[in-house]
Amino acid sequence: MKSVFGRLASTLATAALAFSAVSVQAGPFTSMVVFGDSLSDTGNLFDATGGTQPPAGQPYFNGRFSNGPVWVETLAAGLGLPNAALRLSLGGSNYAFAGARTGLAGEPPGLLAQIAGIWGPANAVANPNALYVVVAGGNDLRDARSAPGNNAATRQDAAQAAATNLFNSVALLAQKGAKNVLIANLPDLGATPEAALLGAQAASTDVTVRFNTLVAGMENTLQGLFYGLDVNMLNLFDISNLVRTDALSNGGARFGITNVTTPCAGFAFSAGASCAVSLFSDVLHPSARAHSILGGFALRAVPEPGTLVLVLGALGVIVMVRRRAR
């Protein structure tokens with residue numbers, strides 16, 4: 001019997017083919033395609049599990065692992081492509097699944113599986129005018145830091161495997177003709193409420209740093225291998241640290257976030273802080289406020305139309321992204 005994800009992959013591939021025929025003329029890109037995990041999922045896992053994930057009883061927003069819209073929705077709206085961030089069942093081009101690892105095997109579909117198994121069959125050629133967003137790895141690293149007997153060597157192996165899968169994912173897109181890709185490193189998993197509850201802060205930070213070290217400069221390597229490919233890196237590690245430092249040392253004056261240690265009101269283990277001033281929604285995932293900040297930084301990480309300068313000025317964001325010199 002086919003699994004729910006196997007059946008879903010067939011259905012979504014058909015939906016993706018229909019979407020690929022639509023050209024949206026807005027901003028510097030004609031479309032945006034998203035691959036990844038819960039940071040970017042706008043409801044694919046919700047659909048795949050019949051609405052059981054994220055779990056009921058906490059204020060998750062419309063199938064997202066947050067209390068509101070996630071960062072790719074801010075990015076898509078800023079680029080004039082709001083529908084691109086929608087889950088696949090709603091006609092969007094967002095293939096991200098919460099819980100995804102970076103490989104081909106397992107359920108929900110991993111990063112490589114999303115590209116090669118769902119998007120790929122419906123897209124023989126990539127749209128050279130589209131922006132491809134490829135952000136994943138956190139679940140691989142969480143597995144590694146939680147594995148019994150894990151140590152520096154096993155965490156390094158896991159970080160290497162995840163970084164390799166990220167590299168190969170972008171390479172697959174480039175081989176099909178993709179020209180514009182946004183990738184990211186990861187925020188410090190050791191600074192999450194989950195890590196604190198598990199007593200795994202040190203191992204979580206260690207595996208995060210190992211992964212981020214491996215992906216540092218990946219954009220330049222990929223651009224050297226594929227002529228005309230433009231890869232930009234979003235520095236989630238530095239951005240999240242900046243928000244955390246602002247909260248702890250500056251009263252949240254810059255970003256409006258003051259609670260960086262516990263989930264926000266309504267979620268398990270919350271101390272009652274409003275989601276509007278909290279970095280986390282639940283024990284792991286960013287709040288809607290944090291996602292809006294990440295989305296603002298993402299807009300600066302990709303070529304943007306002139307109107308975005310005004311939008312970003314209003315957000316008061318500071319650029320913490322690396323861009324290839326043009």
# chains A, B, ... in the order shown; residues from 1 in each chain; ligands from 1

$ residues_around --residues "region 25-39 of chain A" --least-positions-apart "5" --cutoff "7 Å" --atoms "only C-alpha atoms" --output "ChimeraX atom specification"
/A:65,70,79-81,84,93-100,111,114,129-136,303-305

$ residues_around --residues "Ser146 (chain A)" --least-positions-apart "5" --cutoff "12 Å" --atoms "only C-alpha atoms" --output "ChimeraX atom specification"
/A:139-141,151,154-155,158,189-190,194-195,198-204,207

$ atom_distance --atom1 "CA of Ala77 (chain A)" --atom2 "CA of Ala301 (chain A)"
14.8 Å

$ atom_distance --atom1 "CA of Leu90 (chain A)" --atom2 "CA of Thr49 (chain A)"
15.9 Å

$ atom_distance --atom1 "CA of Asp282 (chain A)" --atom2 "CA of Cys264 (chain A)"
6.7 Å

$ closest_residue --among "A:Leu242, A:Leu182, A:Val231, A:Ala265" --to "Glu219 (chain A)" --atoms "only C-alpha atoms"
A:Val231

$ residues_around --residues "Ser249 (chain A)" --least-positions-apart "6" --cutoff "12 Å" --atoms "only C-alpha atoms" --output "PDB file with C-alpha atoms, in the first residue's frame"
ATOM      1  CA  ASN A 241      21.850  36.188  17.340  1.00  0.00           C
ATOM      2  CA  LEU A 242      21.321  39.868  16.536  1.00  0.00           C
ATOM      3  CA  VAL A 243      17.675  39.653  17.599  1.00  0.00           C
ATOM      4  CA  ILE A 257      11.318  41.196  20.698  1.00  0.00           C
ATOM      5  CA  THR A 258      12.009  40.861  24.411  1.00  0.00           C
ATOM      6  CA  ASN A 259      11.325  37.188  25.147  1.00  0.00           C
ATOM      7  CA  VAL A 260      13.985  34.923  23.621  1.00  0.00           C
TER       8      VAL A 260
END

$ residues_around --residues "Met233 (chain A)" --least-positions-apart "2" --cutoff "12 Å" --atoms "only C-alpha atoms" --output "JSON, numbers by chain"
{"A": [133, 134, 135, 180, 181, 182, 183, 184, 185, 186, 212, 215, 216, 217, 218, 219, 220, 222, 230, 231, 235, 236, 237, 238, 297, 298, 299, 300, 301, 302, 319, 320, 321, 322, 323, 324]}

$ write_last_selection --atoms "N, CA and C atoms" --output "mmCIF file, in the first residue's frame"
data_model
loop_
_atom_site.group_PDB
_atom_site.id
_atom_site.type_symbol
_atom_site.label_atom_id
_atom_site.label_comp_id
_atom_site.auth_asym_id
_atom_site.auth_seq_id
_atom_site.Cartn_x
_atom_site.Cartn_y
_atom_site.Cartn_z
ATOM 1 N N VAL A 133 14.167 28.890 -3.511
ATOM 2 C CA VAL A 133 14.528 29.012 -2.106
ATOM 3 C C VAL A 133 14.772 27.612 -1.549
ATOM 4 N N VAL A 134 15.984 27.371 -1.054
ATOM 5 C CA VAL A 134 16.385 26.037 -0.602
ATOM 6 C C VAL A 134 16.984 26.158 0.797
ATOM 7 N N VAL A 135 16.180 25.866 1.820
ATOM 8 C CA VAL A 135 16.618 26.028 3.210
ATOM 9 C C VAL A 135 16.197 24.808 4.021
ATOM 10 N N ASN A 180 18.721 31.478 -10.223
ATOM 11 C CA ASN A 180 18.637 32.310 -9.019
ATOM 12 C C ASN A 180 18.226 31.454 -7.829
ATOM 13 N N VAL A 181 19.119 31.343 -6.843
ATOM 14 C CA VAL A 181 18.867 30.466 -5.699
ATOM 15 C C VAL A 181 19.204 31.206 -4.406
ATOM 16 N N LEU A 182 18.345 31.032 -3.422
ATOM 17 C CA LEU A 182 18.597 31.542 -2.076
ATOM 18 C C LEU A 182 18.754 30.352 -1.135
ATOM 19 N N ILE A 183 19.908 30.257 -0.470
ATOM 20 C CA ILE A 183 20.143 29.227 0.528
ATOM 21 C C ILE A 183 20.390 29.913 1.867
ATOM 22 N N ALA A 184 20.535 29.123 2.925
ATOM 23 C CA ALA A 184 20.760 29.716 4.237
ATOM 24 C C ALA A 184 21.544 28.762 5.121
ATOM 25 N N ASN A 185 22.245 29.347 6.085
ATOM 26 C CA ASN A 185 22.770 28.533 7.168
ATOM 27 C C ASN A 185 21.658 28.402 8.200
ATOM 28 N N LEU A 186 21.952 27.935 9.401
ATOM 29 C CA LEU A 186 20.897 27.690 10.381
ATOM 30 C C LEU A 186 21.107 28.507 11.645
ATOM 31 N N ASN A 212 27.122 25.045 9.761
ATOM 32 C CA ASN A 212 27.301 26.384 9.198
ATOM 33 C C ASN A 212 28.710 26.598 8.657
ATOM 34 N N VAL A 215 28.736 25.011 5.183
ATOM 35 C CA VAL A 215 28.012 25.701 4.116
ATOM 36 C C VAL A 215 28.557 27.099 3.847
ATOM 37 N N ALA A 216 29.417 27.599 4.715
ATOM 38 C CA ALA A 216 30.013 28.912 4.481
ATOM 39 C C ALA A 216 30.783 28.915 3.165
ATOM 40 N N GLY A 217 30.460 29.823 2.297
ATOM 41 C CA GLY A 217 31.127 29.891 0.999
ATOM 42 C C GLY A 217 30.563 28.944 -0.041
ATOM 43 N N MET A 218 29.533 28.176 0.319
ATOM 44 C CA MET A 218 28.947 27.230 -0.635
ATOM 45 C C MET A 218 28.422 27.941 -1.874
ATOM 46 N N GLU A 219 27.915 29.154 -1.690
ATOM 47 C CA GLU A 219 27.374 29.879 -2.828
ATOM 48 C C GLU A 219 28.451 30.138 -3.876
ATOM 49 N N ASN A 220 29.667 30.438 -3.425
ATOM 50 C CA ASN A 220 30.753 30.708 -4.367
ATOM 51 C C ASN A 220 31.186 29.445 -5.095
ATOM 52 N N LEU A 222 29.287 26.826 -5.786
ATOM 53 C CA LEU A 222 28.240 26.494 -6.755
ATOM 54 C C LEU A 222 28.291 27.418 -7.967
ATOM 55 N N ASP A 230 23.356 32.350 -9.884
ATOM 56 C CA ASP A 230 23.500 33.367 -8.848
ATOM 57 C C ASP A 230 22.927 32.802 -7.551
ATOM 58 N N VAL A 231 23.795 32.504 -6.584
ATOM 59 C CA VAL A 231 23.369 31.943 -5.305
ATOM 60 C C VAL A 231 23.636 32.963 -4.209
ATOM 61 N N ASN A 235 22.002 34.616 6.215
ATOM 62 C CA ASN A 235 22.723 34.232 7.427
ATOM 63 C C ASN A 235 21.776 34.184 8.624
ATOM 64 N N LEU A 236 21.035 33.081 8.737
ATOM 65 C CA LEU A 236 20.068 32.939 9.817
ATOM 66 C C LEU A 236 20.735 32.902 11.187
ATOM 67 N N PHE A 237 21.957 32.386 11.250
ATOM 68 C CA PHE A 237 22.673 32.305 12.521
ATOM 69 C C PHE A 237 22.932 33.711 13.068
ATOM 70 N N ASP A 238 23.470 34.585 12.239
ATOM 71 C CA ASP A 238 23.779 35.935 12.686
ATOM 72 C C ASP A 238 22.518 36.753 12.939
ATOM 73 N N PHE A 297 14.937 40.355 6.068
ATOM 74 C CA PHE A 297 16.336 40.124 5.719
ATOM 75 C C PHE A 297 16.457 39.361 4.398
ATOM 76 N N ALA A 298 15.555 38.420 4.180
ATOM 77 C CA ALA A 298 15.597 37.639 2.944
ATOM 78 C C ALA A 298 15.402 38.531 1.724
ATOM 79 N N LEU A 299 14.550 39.527 1.851
ATOM 80 C CA LEU A 299 14.335 40.454 0.743
ATOM 81 C C LEU A 299 15.608 41.205 0.384
ATOM 82 N N ARG A 300 16.469 41.425 1.380
ATOM 83 C CA ARG A 300 17.727 42.088 1.110
ATOM 84 C C ARG A 300 18.786 41.125 0.579
ATOM 85 N N ALA A 301 18.528 39.829 0.702
ATOM 86 C CA ALA A 301 19.504 38.833 0.266
ATOM 87 C C ALA A 301 19.374 38.502 -1.205
ATOM 88 N N VAL A 302 18.287 38.972 -1.832
ATOM 89 C CA VAL A 302 18.068 38.700 -3.252
ATOM 90 C C VAL A 302 17.908 40.028 -3.978
ATOM 91 N N VAL A 319 21.285 44.696 7.390
ATOM 92 C CA VAL A 319 21.686 43.597 6.527
ATOM 93 C C VAL A 319 22.713 42.718 7.216
ATOM 94 N N MET A 320 22.360 41.411 7.345
ATOM 95 C CA MET A 320 23.283 40.452 7.934
ATOM 96 C C MET A 320 23.464 39.277 6.976
ATOM 97 N N VAL A 321 23.489 39.585 5.684
ATOM 98 C CA VAL A 321 23.574 38.553 4.666
ATOM 99 C C VAL A 321 24.817 38.763 3.846
ATOM 100 N N ARG A 322 25.327 37.656 3.333
ATOM 101 C CA ARG A 322 26.464 37.743 2.438
ATOM 102 C C ARG A 322 25.974 37.696 1.013
ATOM 103 N N ARG A 323 26.455 38.602 0.196
ATOM 104 C CA ARG A 323 26.103 38.576 -1.207
ATOM 105 C C ARG A 323 27.352 38.550 -2.051
ATOM 106 N N ARG A 324 27.256 37.838 -3.128
ATOM 107 C CA ARG A 324 28.374 37.802 -4.045
ATOM 108 C C ARG A 324 28.565 39.173 -4.665
#

$ decode --residues "region 43-60 of chain A" --atoms "N, CA and C atoms" --output "compact mmCIF listing (two decimals), in the first residue's frame"
# COMPACT_ATOMS: atom_id res chain seq x y z
N GLY A 43 1.74 24.53 4.98
CA GLY A 43 0.60 23.63 5.13
C GLY A 43 0.68 22.30 4.42
N ASN A 44 1.82 21.98 3.82
CA ASN A 44 1.92 20.69 3.12
C ASN A 44 1.83 19.51 4.08
N LEU A 45 2.52 19.58 5.21
CA LEU A 45 2.43 18.49 6.18
C LEU A 45 1.02 18.42 6.77
N PHE A 46 0.41 19.56 7.00
CA PHE A 46 -0.97 19.61 7.48
C PHE A 46 -1.88 18.84 6.54
N ASP A 47 -1.74 19.08 5.24
CA ASP A 47 -2.55 18.36 4.25
C ASP A 47 -2.23 16.86 4.26
N ALA A 48 -0.95 16.54 4.31
CA ALA A 48 -0.52 15.15 4.20
C ALA A 48 -0.98 14.30 5.39
N THR A 49 -1.14 14.93 6.54
CA THR A 49 -1.53 14.20 7.75
C THR A 49 -3.01 14.38 8.08
N GLY A 50 -3.77 14.89 7.15
CA GLY A 50 -5.19 15.07 7.39
C GLY A 50 -5.49 16.09 8.47
N GLY A 51 -4.61 17.05 8.63
CA GLY A 51 -4.83 18.12 9.59
C GLY A 51 -4.40 17.82 11.01
N THR A 52 -3.65 16.72 11.19
CA THR A 52 -3.22 16.37 12.56
C THR A 52 -1.89 17.00 12.95
N GLN A 53 -1.15 17.52 11.98
CA GLN A 53 0.12 18.19 12.26
C GLN A 53 0.16 19.53 11.53
N PRO A 54 0.46 20.60 12.23
CA PRO A 54 0.82 20.67 13.65
C PRO A 54 -0.36 20.29 14.55
N PRO A 55 -0.06 19.87 15.78
CA PRO A 55 -1.11 19.34 16.65
C PRO A 55 -2.11 20.40 17.09
N ALA A 56 -3.34 19.95 17.33
CA ALA A 56 -4.38 20.85 17.82
C ALA A 56 -4.10 21.21 19.28
N GLY A 57 -4.78 22.23 19.74
CA GLY A 57 -4.66 22.61 21.14
C GLY A 57 -3.65 23.71 21.40
N GLN A 58 -2.92 24.11 20.37
CA GLN A 58 -1.99 25.23 20.47
C GLN A 58 -2.28 26.16 19.29
N PRO A 59 -1.98 27.44 19.42
CA PRO A 59 -2.41 28.41 18.40
C PRO A 59 -1.55 28.44 17.13
N TYR A 60 -1.36 27.26 16.53
CA TYR A 60 -0.69 27.22 15.23
C TYR A 60 -1.62 27.82 14.18
